[in-house]
Amino acid sequence: MAEDKIVTETPAKAFDFLIKAKELNPDPDYRYYNLSARAHIKLGQHFDGIHSYEESLKKKKDQFDLILYVADFYEKERKQKEALFYTKFYLEQKPNAKYRLYTAAILARQLGLESEYESYFQKLESDKTFVSEKDALQSSLQKNIKNKKWKEADDLSLRYLVYFPREEGMYETLILARRGRQSELLEQAYQWTTTVFLNETRYFTRYGVYLQEKQRYLEALALFRRGFYNLLKFYPESDAGEILFLIRQSYANLGKDRDTLAIDSLVKDFQNQNKLTAVELENHQITYRKNREYLLFCIHWFSNRDQTMANQYRQKLKDRDLEFEESEFLRVIGPFAALPQNL
């Protein structure tokens, strides 16, 4: 009866029968929870539905499609910890599922679990089936891109990415193909790329620009900030002009006038950092004392000159982030929110 109510588009009434069913059997099997989940989801109560599906999986763990449904739901909701749990649950029963091994690796790295990330990728790379065909595959991908055969390039990239998970060209063609066909999965391609090339700057820039195009300015700022962090940590001799311009643009889009002015000042200090004095830098930072990028730059600048001062700025950055944690969604926004950004 409950199932009939769900099918006939009256899911709210299904719960009346589910309650009666549980009265008759206080410990129902997995089917009870599946019906409860379906009713919740039809009513738009998605998290309640997912929780019912989780109870179902406790009763019967080999519901493979259901495991993937729950894992994908949590991944879409940016709940990487839960998504990884169910991806691992699936891999316990299907240990050679390549796409899920890849997904587990991505989720693990976004959570800072580097050893798990590496072990998943090593398992994927241990399959040498297509190693001899790599050059021919790359040529085929480039040809599809050149001829604007976006779907073919997308399908080919996705099929072989799990065999070459660290091959930069695979990600380039995947992004181009999905942008060309205006795929809803373009953001997924950006997320994968920035995760695999986590220490780069350019991919965070490109992902951030994509988010700007979608007018998701606060998320774009989070990506650009990660790019600036990477630049200071891994490429300190690089020109920061582009990434700082994009950060400034994000602040302007968000109406943060004080931070916009701070970046104007920071650009000059970055360009003249070898001529700066400690007093000058401190005075500039005090003028814009809540700006995150200035604090990060001060840590970078003092790290090679005065560790005591560098540590003071580390504490200031920590205090600043604590103050703005809620307004900037610092611990939840974007797929890299769980990772540190302190030098």
# chains A, B, ... in the order shown; residues from 1 in each chain; ligands from 1
>>> select_by_dssp(residues="region 81-324 of chain A", states="alpha helix (DSSP H)", output="ChimeraX atom specification")
/A:81-93,98-110,114-125,134-146,150-161,168-180,186-196,202-213,217-234,241-253,257-271,278-287,292-303,307-324
>>> residues_around(residues="region 100-116 of chain A", least_positions_apart="2", cutoff="9 Å", atoms="only C-alpha atoms", output="short mmCIF file (atom, residue, chain, number, x, y, z; two decimals) with N, CA, C and O atoms, in the first residue's frame")
data_model
loop_
_atom_site.label_atom_id
_atom_site.label_comp_id
_atom_site.auth_asym_id
_atom_site.auth_seq_id
_atom_site.Cartn_x
_atom_site.Cartn_y
_atom_site.Cartn_z
N GLU A 75 28.66 13.53 -2.52
CA GLU A 75 29.71 14.24 -3.27
C GLU A 75 29.15 15.54 -3.86
O GLU A 75 29.79 16.59 -3.81
N GLN A 80 32.44 15.50 1.45
CA GLN A 80 33.42 14.52 0.97
C GLN A 80 33.63 13.36 1.92
O GLN A 80 33.86 12.23 1.48
N LYS A 81 33.56 13.63 3.22
CA LYS A 81 33.79 12.56 4.19
C LYS A 81 32.77 11.45 4.03
O LYS A 81 33.11 10.26 3.99
N ALA A 83 30.82 10.97 1.36
CA ALA A 83 30.95 10.42 0.01
C ALA A 83 32.06 9.38 -0.05
O ALA A 83 31.91 8.31 -0.67
N LEU A 84 33.18 9.67 0.62
CA LEU A 84 34.29 8.73 0.64
C LEU A 84 33.92 7.46 1.40
O LEU A 84 34.29 6.35 1.00
N PHE A 85 33.18 7.60 2.48
CA PHE A 85 32.76 6.44 3.27
C PHE A 85 31.99 5.45 2.39
O PHE A 85 32.26 4.24 2.40
N THR A 87 31.86 5.39 -0.92
CA THR A 87 32.69 4.92 -2.04
C THR A 87 33.57 3.76 -1.59
O THR A 87 33.71 2.76 -2.29
N LYS A 88 34.13 3.87 -0.40
CA LYS A 88 34.92 2.77 0.16
C LYS A 88 34.04 1.54 0.42
O LYS A 88 34.47 0.40 0.20
N TYR A 90 31.51 0.66 -1.24
CA TYR A 90 31.31 0.03 -2.55
C TYR A 90 32.57 -0.74 -2.96
O TYR A 90 32.48 -1.88 -3.42
N LEU A 91 33.73 -0.14 -2.75
CA LEU A 91 34.99 -0.78 -3.16
C LEU A 91 35.30 -2.03 -2.34
O LEU A 91 36.02 -2.92 -2.81
N PRO A 95 36.26 -4.28 -5.55
CA PRO A 95 37.58 -3.66 -5.37
C PRO A 95 38.26 -3.21 -6.65
O PRO A 95 39.22 -2.42 -6.59
N ASN A 96 37.82 -3.65 -7.80
CA ASN A 96 38.47 -3.29 -9.05
C ASN A 96 37.66 -2.31 -9.90
O ASN A 96 37.94 -2.13 -11.09
N ALA A 97 36.68 -1.66 -9.29
CA ALA A 97 35.87 -0.69 -10.02
C ALA A 97 36.70 0.58 -10.24
O ALA A 97 36.87 1.39 -9.32
N LYS A 98 37.21 0.74 -11.44
CA LYS A 98 38.21 1.78 -11.70
C LYS A 98 37.69 3.20 -11.46
O LYS A 98 38.38 4.03 -10.86
N GLU A 118 47.29 8.51 -2.76
CA GLU A 118 48.40 7.91 -3.50
C GLU A 118 48.17 6.42 -3.73
O GLU A 118 48.45 5.90 -4.82
N SER A 119 47.65 5.74 -2.74
CA SER A 119 47.45 4.29 -2.88
C SER A 119 46.39 3.98 -3.95
O SER A 119 46.54 3.03 -4.73
N TYR A 120 45.35 4.79 -4.00
CA TYR A 120 44.32 4.58 -5.03
C TYR A 120 44.89 4.83 -6.43
O TYR A 120 44.63 4.06 -7.37
N PHE A 121 45.66 5.89 -6.58
CA PHE A 121 46.23 6.20 -7.89
C PHE A 121 47.25 5.14 -8.32
O PHE A 121 47.33 4.78 -9.49
N LYS A 123 47.17 2.05 -7.56
CA LYS A 123 46.43 0.87 -8.00
C LYS A 123 45.91 1.06 -9.42
O LYS A 123 45.98 0.14 -10.25
N LEU A 124 45.43 2.25 -9.73
CA LEU A 124 44.97 2.53 -11.09
C LEU A 124 46.12 2.45 -12.08
O LEU A 124 45.99 1.86 -13.17
N LEU A 161 40.94 8.19 -18.61
CA LEU A 161 41.50 8.96 -17.50
C LEU A 161 41.89 8.06 -16.34
O LEU A 161 42.90 8.30 -15.67
N VAL A 162 41.12 7.00 -16.11
CA VAL A 162 41.40 6.11 -14.98
C VAL A 162 42.66 5.28 -15.20
O VAL A 162 43.20 4.70 -14.24
N PRO A 165 45.77 8.63 -14.62
CA PRO A 165 45.14 9.63 -13.75
C PRO A 165 46.01 10.85 -13.45
O PRO A 165 45.51 11.83 -12.89
N GLN A 191 37.08 20.42 -10.95
CA GLN A 191 37.37 19.94 -9.60
C GLN A 191 38.42 18.83 -9.63
O GLN A 191 39.34 18.80 -8.81
N TRP A 192 38.24 17.87 -10.54
CA TRP A 192 39.22 16.80 -10.65
C TRP A 192 40.61 17.36 -10.95
O TRP A 192 41.60 16.93 -10.35
N THR A 195 42.23 19.15 -8.08
CA THR A 195 42.58 18.19 -7.02
C THR A 195 43.85 17.43 -7.36
O THR A 195 44.75 17.30 -6.52
N VAL A 196 43.94 16.95 -8.58
CA VAL A 196 45.13 16.18 -8.98
C VAL A 196 46.36 17.07 -9.03
O VAL A 196 47.45 16.68 -8.59
N LEU A 198 47.12 19.77 -7.31
CA LEU A 198 46.75 20.56 -6.14
C LEU A 198 47.73 21.69 -5.84
O LEU A 198 47.36 22.70 -5.25
N PRO A 335 35.47 22.65 -2.69
CA PRO A 335 35.93 21.28 -2.42
C PRO A 335 37.22 21.20 -1.62
O PRO A 335 37.61 20.12 -1.20
N PHE A 336 37.88 22.35 -1.38
CA PHE A 336 39.16 22.32 -0.68
C PHE A 336 39.09 23.00 0.68
O PHE A 336 40.13 23.34 1.26
N ALA A 337 37.88 23.17 1.18
CA ALA A 337 37.69 23.86 2.45
C ALA A 337 38.36 23.15 3.63
O ALA A 337 38.74 23.78 4.61
N ALA A 338 38.53 21.84 3.50
CA ALA A 338 39.13 21.07 4.61
C ALA A 338 40.65 21.19 4.67
O ALA A 338 41.27 20.81 5.65
N LEU A 339 41.25 21.73 3.61
CA LEU A 339 42.71 21.80 3.54
C LEU A 339 43.23 23.12 4.09
O LEU A 339 42.62 24.17 3.88
N PRO A 340 44.36 23.10 4.78
CA PRO A 340 44.93 24.34 5.34
C PRO A 340 45.46 25.27 4.26
O PRO A 340 45.82 24.84 3.17
#
>>> closest_atom_pairs(of="region 169-252 of chain A", to="region 291-314 of chain A", cutoff="10 Å", atoms="only C-alpha atoms", output="JSON lines")
{"residue": "A:Arg225", "atom": "CA", "partner": "A:Glu293", "partner_atom": "CA", "distance": 7.6}
{"residue": "A:Phe228", "atom": "CA", "partner": "A:Glu293", "partner_atom": "CA", "distance": 8.0}
{"residue": "A:Tyr229", "atom": "CA", "partner": "A:Leu296", "partner_atom": "CA", "distance": 7.6}
{"residue": "A:Leu232", "atom": "CA", "partner": "A:His300", "partner_atom": "CA", "distance": 6.8}
{"residue": "A:Lys233", "atom": "CA", "partner": "A:His300", "partner_atom": "CA", "distance": 8.0}
{"residue": "A:Pro236", "atom": "CA", "partner": "A:His300", "partner_atom": "CA", "distance": 8.7}
{"residue": "A:Leu244", "atom": "CA", "partner": "A:Glu293", "partner_atom": "CA", "distance": 8.8}
{"residue": "A:Ile247", "atom": "CA", "partner": "A:Glu293", "partner_atom": "CA", "distance": 9.0}
>>> write_last_selection(atoms="N, CA, C and O atoms", output="PDB file, in the first residue's frame")
ATOM      1  N   ARG A 225      42.093  32.459  -3.838  1.00  0.00           N
ATOM      2  CA  ARG A 225      42.919  32.478  -2.622  1.00  0.00           C
ATOM      3  C   ARG A 225      43.821  31.249  -2.555  1.00  0.00           C
ATOM      4  O   ARG A 225      44.983  31.341  -2.166  1.00  0.00           O
ATOM      5  N   PHE A 228      46.670  31.825  -4.878  1.00  0.00           N
ATOM      6  CA  PHE A 228      47.666  32.747  -4.319  1.00  0.00           C
ATOM      7  C   PHE A 228      48.518  32.047  -3.263  1.00  0.00           C
ATOM      8  O   PHE A 228      49.739  32.234  -3.203  1.00  0.00           O
ATOM      9  N   TYR A 229      47.864  31.231  -2.450  1.00  0.00           N
ATOM     10  CA  TYR A 229      48.593  30.425  -1.462  1.00  0.00           C
ATOM     11  C   TYR A 229      49.613  29.520  -2.147  1.00  0.00           C
ATOM     12  O   TYR A 229      50.771  29.435  -1.735  1.00  0.00           O
ATOM     13  N   LEU A 232      52.658  31.519  -3.401  1.00  0.00           N
ATOM     14  CA  LEU A 232      53.602  31.884  -2.343  1.00  0.00           C
ATOM     15  C   LEU A 232      54.370  30.668  -1.819  1.00  0.00           C
ATOM     16  O   LEU A 232      55.561  30.758  -1.526  1.00  0.00           O
ATOM     17  N   LYS A 233      53.690  29.536  -1.725  1.00  0.00           N
ATOM     18  CA  LYS A 233      54.309  28.348  -1.131  1.00  0.00           C
ATOM     19  C   LYS A 233      55.225  27.607  -2.101  1.00  0.00           C
ATOM     20  O   LYS A 233      56.317  27.165  -1.718  1.00  0.00           O
ATOM     21  N   PRO A 236      57.283  31.044  -5.409  1.00  0.00           N
ATOM     22  CA  PRO A 236      57.405  32.416  -4.876  1.00  0.00           C
ATOM     23  C   PRO A 236      58.063  33.407  -5.827  1.00  0.00           C
ATOM     24  O   PRO A 236      57.921  34.620  -5.641  1.00  0.00           O
ATOM     25  N   LEU A 244      46.289  38.129  -8.294  1.00  0.00           N
ATOM     26  CA  LEU A 244      45.873  39.237  -7.436  1.00  0.00           C
ATOM     27  C   LEU A 244      44.801  40.092  -8.122  1.00  0.00           C
ATOM     28  O   LEU A 244      43.881  40.597  -7.473  1.00  0.00           O
ATOM     29  N   ILE A 247      41.632  38.206  -7.602  1.00  0.00           N
ATOM     30  CA  ILE A 247      41.184  38.344  -6.210  1.00  0.00           C
ATOM     31  C   ILE A 247      40.546  39.721  -6.011  1.00  0.00           C
ATOM     32  O   ILE A 247      39.476  39.843  -5.398  1.00  0.00           O
TER      33      ILE A 247
END
>>> closest_atom_pairs(of="region 224-250 of chain A", to="region 256-270 of chain A", cutoff="9 Å", atoms="only C-alpha atoms", output="Markdown table")
| residue | atom | partner | partner_atom | distance |
| --- | --- | --- | --- | --- |
| A:Asp239 | CA | A:Phe270 | CA | 8.7 |
| A:Ala240 | CA | A:Phe270 | CA | 7.6 |
| A:Gly241 | CA | A:Val267 | CA | 6.9 |
| A:Leu244 | CA | A:Ile263 | CA | 6.7 |
| A:Phe245 | CA | A:Ile263 | CA | 7.9 |
| A:Ile247 | CA | A:Ile263 | CA | 7.7 |
| A:Arg248 | CA | A:Thr260 | CA | 5.2 |
| A:Gln249 | CA | A:Thr260 | CA | 7.6 |
| A:Ser250 | CA | A:Thr260 | CA | 8.4 |
>>> write_last_selection(atoms="all heavy atoms", output="short mmCIF file (atom, residue, chain, number, x, y, z; two decimals), in the first residue's frame")
data_model
loop_
_atom_site.label_atom_id
_atom_site.label_comp_id
_atom_site.auth_asym_id
_atom_site.auth_seq_id
_atom_site.Cartn_x
_atom_site.Cartn_y
_atom_site.Cartn_z
N ASP A 239 55.18 35.75 -11.05
CA ASP A 239 54.44 37.01 -11.07
C ASP A 239 53.04 36.75 -10.53
O ASP A 239 52.31 35.92 -11.05
CB ASP A 239 54.38 37.55 -12.49
CG ASP A 239 53.59 38.85 -12.58
OD1 ASP A 239 53.36 39.47 -11.52
OD2 ASP A 239 53.22 39.24 -13.70
N ALA A 240 52.68 37.49 -9.50
CA ALA A 240 51.36 37.29 -8.88
C ALA A 240 50.31 38.22 -9.47
O ALA A 240 49.17 38.26 -8.98
CB ALA A 240 51.47 37.53 -7.37
N GLY A 241 50.66 38.95 -10.52
CA GLY A 241 49.76 39.97 -11.06
C GLY A 241 48.38 39.44 -11.42
O GLY A 241 47.36 40.02 -11.01
N LEU A 244 46.29 38.13 -8.29
CA LEU A 244 45.87 39.24 -7.44
C LEU A 244 44.80 40.09 -8.12
O LEU A 244 43.88 40.60 -7.47
CB LEU A 244 47.08 40.10 -7.05
CG LEU A 244 48.01 39.46 -6.00
CD1 LEU A 244 49.23 40.34 -5.77
CD2 LEU A 244 47.29 39.22 -4.68
N PHE A 245 44.92 40.24 -9.43
CA PHE A 245 43.87 40.96 -10.18
C PHE A 245 42.52 40.26 -10.03
O PHE A 245 41.49 40.90 -9.81
CB PHE A 245 44.25 41.06 -11.66
CG PHE A 245 43.13 41.55 -12.53
CD1 PHE A 245 42.83 42.90 -12.59
CD2 PHE A 245 42.36 40.66 -13.27
CE1 PHE A 245 41.77 43.36 -13.39
CE2 PHE A 245 41.30 41.10 -14.06
CZ PHE A 245 41.01 42.46 -14.12
N ILE A 247 41.63 38.21 -7.60
CA ILE A 247 41.18 38.34 -6.21
C ILE A 247 40.55 39.72 -6.01
O ILE A 247 39.48 39.84 -5.40
CB ILE A 247 42.36 38.13 -5.24
CG1 ILE A 247 42.78 36.65 -5.24
CG2 ILE A 247 41.99 38.57 -3.82
CD1 ILE A 247 44.05 36.36 -4.48
N ARG A 248 41.20 40.74 -6.56
CA ARG A 248 40.65 42.11 -6.47
C ARG A 248 39.28 42.17 -7.13
O ARG A 248 38.34 42.77 -6.60
CB ARG A 248 41.60 43.09 -7.15
CG ARG A 248 41.16 44.55 -7.04
CD ARG A 248 41.99 45.45 -7.94
NE ARG A 248 41.65 46.84 -7.72
CZ ARG A 248 40.58 47.46 -8.21
NH1 ARG A 248 39.71 46.76 -8.95
NH2 ARG A 248 40.36 48.73 -7.96
N GLN A 249 39.16 41.55 -8.29
CA GLN A 249 37.89 41.53 -9.01
C GLN A 249 36.80 40.84 -8.18
O GLN A 249 35.65 41.29 -8.16
CB GLN A 249 38.10 40.80 -10.34
CG GLN A 249 37.03 41.04 -11.38
CD GLN A 249 37.39 40.38 -12.70
OE1 GLN A 249 37.58 39.16 -12.76
NE2 GLN A 249 37.51 41.17 -13.75
N SER A 250 37.17 39.77 -7.51
CA SER A 250 36.21 39.05 -6.67
C SER A 250 35.73 39.94 -5.52
O SER A 250 34.53 39.97 -5.22
CB SER A 250 36.85 37.78 -6.11
OG SER A 250 37.17 36.88 -7.14
#
>>> closest_residue(among="A:Glu3, A:Asp27, A:Glu54, A:Glu328", to="Leu218 (chain A)", atoms="only C-alpha atoms")
A:Glu328
>>> closest_residue(among="A:Asn274, A:Thr205, A:Asn25, A:Ser52", to="Arg38 (chain A)", atoms="only C-alpha atoms")
A:Ser52
>>> residues_around(residues="Ala12 (chain A)", least_positions_apart="5", cutoff="12 Å", atoms="only C-alpha atoms", output="list in words")
Ala2, Glu3, Asp4, Lys5, Ile6, Val7, Phe17, Leu18, Ile19, Leu35, Ser36, Ala37, Arg38, Ala39, His40, Ile41, Lys42, Leu43, Gly44 and Gln45 of chain A
>>> write_last_selection(atoms="N, CA, C and O atoms", output="PDB file, in the first residue's frame")
ATOM      1  N   ALA A   2       1.909   1.258   0.788  1.00  0.00           N
ATOM      2  CA  ALA A   2       2.814   2.411   0.828  1.00  0.00           C
ATOM      3  C   ALA A   2       3.439   2.646  -0.536  1.00  0.00           C
ATOM      4  O   ALA A   2       3.516   3.786  -1.021  1.00  0.00           O
ATOM      5  N   GLU A   3       3.876   1.558  -1.173  1.00  0.00           N
ATOM      6  CA  GLU A   3       4.484   1.691  -2.504  1.00  0.00           C
ATOM      7  C   GLU A   3       3.471   2.236  -3.497  1.00  0.00           C
ATOM      8  O   GLU A   3       3.812   3.074  -4.342  1.00  0.00           O
ATOM      9  N   ASP A   4       2.245   1.817  -3.393  1.00  0.00           N
ATOM     10  CA  ASP A   4       1.198   2.297  -4.294  1.00  0.00           C
ATOM     11  C   ASP A   4       0.992   3.800  -4.132  1.00  0.00           C
ATOM     12  O   ASP A   4       0.820   4.522  -5.124  1.00  0.00           O
ATOM     13  N   LYS A   5       1.051   4.301  -2.914  1.00  0.00           N
ATOM     14  CA  LYS A   5       0.876   5.733  -2.669  1.00  0.00           C
ATOM     15  C   LYS A   5       2.033   6.540  -3.276  1.00  0.00           C
ATOM     16  O   LYS A   5       1.839   7.651  -3.772  1.00  0.00           O
ATOM     17  N   ILE A   6       3.231   5.973  -3.223  1.00  0.00           N
ATOM     18  CA  ILE A   6       4.391   6.652  -3.810  1.00  0.00           C
ATOM     19  C   ILE A   6       4.235   6.722  -5.328  1.00  0.00           C
ATOM     20  O   ILE A   6       4.454   7.767  -5.948  1.00  0.00           O
ATOM     21  N   VAL A   7       3.830   5.615  -5.921  1.00  0.00           N
ATOM     22  CA  VAL A   7       3.669   5.535  -7.375  1.00  0.00           C
ATOM     23  C   VAL A   7       2.565   6.470  -7.858  1.00  0.00           C
ATOM     24  O   VAL A   7       2.684   7.112  -8.913  1.00  0.00           O
ATOM     25  N   PHE A  17       0.945   4.061   6.028  1.00  0.00           N
ATOM     26  CA  PHE A  17       1.054   2.614   5.888  1.00  0.00           C
ATOM     27  C   PHE A  17       2.404   2.102   6.384  1.00  0.00           C
ATOM     28  O   PHE A  17       2.495   0.984   6.907  1.00  0.00           O
ATOM     29  N   LEU A  18       3.443   2.916   6.227  1.00  0.00           N
ATOM     30  CA  LEU A  18       4.761   2.507   6.721  1.00  0.00           C
ATOM     31  C   LEU A  18       4.750   2.421   8.245  1.00  0.00           C
ATOM     32  O   LEU A  18       5.365   1.528   8.837  1.00  0.00           O
ATOM     33  N   ILE A  19       4.052   3.356   8.882  1.00  0.00           N
ATOM     34  CA  ILE A  19       3.937   3.318  10.348  1.00  0.00           C
ATOM     35  C   ILE A  19       3.217   2.039  10.783  1.00  0.00           C
ATOM     36  O   ILE A  19       3.643   1.350  11.726  1.00  0.00           O
ATOM     37  N   LEU A  35      11.396   2.213   0.763  1.00  0.00           N
ATOM     38  CA  LEU A  35      10.129   2.894   0.507  1.00  0.00           C
ATOM     39  C   LEU A  35      10.050   4.220   1.257  1.00  0.00           C
ATOM     40  O   LEU A  35       9.575   5.226   0.722  1.00  0.00           O
ATOM     41  N   SER A  36      10.522   4.214   2.481  1.00  0.00           N
ATOM     42  CA  SER A  36      10.553   5.456   3.264  1.00  0.00           C
ATOM     43  C   SER A  36      11.415   6.505   2.562  1.00  0.00           C
ATOM     44  O   SER A  36      11.036   7.686   2.475  1.00  0.00           O
ATOM     45  N   ALA A  37      12.554   6.079   2.045  1.00  0.00           N
ATOM     46  CA  ALA A  37      13.453   6.996   1.335  1.00  0.00           C
ATOM     47  C   ALA A  37      12.783   7.570   0.097  1.00  0.00           C
ATOM     48  O   ALA A  37      12.844   8.782  -0.163  1.00  0.00           O
ATOM     49  N   ARG A  38      12.153   6.712  -0.678  1.00  0.00           N
ATOM     50  CA  ARG A  38      11.490   7.171  -1.899  1.00  0.00           C
ATOM     51  C   ARG A  38      10.390   8.186  -1.586  1.00  0.00           C
ATOM     52  O   ARG A  38      10.222   9.183  -2.303  1.00  0.00           O
ATOM     53  N   ALA A  39       9.648   7.937  -0.520  1.00  0.00           N
ATOM     54  CA  ALA A  39       8.580   8.874  -0.128  1.00  0.00           C
ATOM     55  C   ALA A  39       9.170  10.223   0.278  1.00  0.00           C
ATOM     56  O   ALA A  39       8.671  11.288  -0.137  1.00  0.00           O
ATOM     57  N   HIS A  40      10.221  10.195   1.084  1.00  0.00           N
ATOM     58  CA  HIS A  40      10.873  11.442   1.504  1.00  0.00           C
ATOM     59  C   HIS A  40      11.379  12.230   0.293  1.00  0.00           C
ATOM     60  O   HIS A  40      11.184  13.446   0.200  1.00  0.00           O
ATOM     61  N   ILE A  41      12.040  11.540  -0.613  1.00  0.00           N
ATOM     62  CA  ILE A  41      12.646  12.215  -1.771  1.00  0.00           C
ATOM     63  C   ILE A  41      11.566  12.812  -2.672  1.00  0.00           C
ATOM     64  O   ILE A  41      11.717  13.927  -3.178  1.00  0.00           O
ATOM     65  N   LYS A  42      10.459  12.104  -2.847  1.00  0.00           N
ATOM     66  CA  LYS A  42       9.359  12.653  -3.654  1.00  0.00           C
ATOM     67  C   LYS A  42       8.770  13.900  -3.009  1.00  0.00           C
ATOM     68  O   LYS A  42       8.226  14.773  -3.697  1.00  0.00           O
ATOM     69  N   LEU A  43       8.882  13.995  -1.709  1.00  0.00           N
ATOM     70  CA  LEU A  43       8.392  15.178  -0.991  1.00  0.00           C
ATOM     71  C   LEU A  43       9.440  16.282  -0.917  1.00  0.00           C
ATOM     72  O   LEU A  43       9.211  17.315  -0.296  1.00  0.00           O
ATOM     73  N   GLY A  44      10.604  16.044  -1.539  1.00  0.00           N
ATOM     74  CA  GLY A  44      11.675  17.038  -1.514  1.00  0.00           C
ATOM     75  C   GLY A  44      12.522  16.997  -0.263  1.00  0.00           C
ATOM     76  O   GLY A  44      13.372  17.867  -0.052  1.00  0.00           O
ATOM     77  N   GLN A  45      12.318  15.982   0.558  1.00  0.00           N
ATOM     78  CA  GLN A  45      13.073  15.835   1.815  1.00  0.00           C
ATOM     79  C   GLN A  45      14.287  14.927   1.559  1.00  0.00           C
ATOM     80  O   GLN A  45      14.358  13.790   1.999  1.00  0.00           O
TER      81      GLN A  45
END
>>> closest_residue(among="A:Gln138, A:Asn147, A:Arg78, A:Tyr30", to="Leu66 (chain A)", atoms="only C-alpha atoms")
A:Tyr30
>>> closest_residue(among="A:His46, A:Lys13, A:Lys59, A:Lys76", to="Tyr32 (chain A)", atoms="only C-alpha atoms")
A:Lys59
>>> closest_residue(among="A:Phe234, A:Lys151, A:Gln271, A:Asp319", to="Arg289 (chain A)", atoms="only C-alpha atoms")
A:Asp319
>>> atom_distance(atom1="CA of Met1 (chain A)", atom2="CA of Asp62 (chain A)")
25.6 Å
>>> atom_distance(atom1="CA of Ser126 (chain A)", atom2="CA of Ala189 (chain A)")
23.1 Å
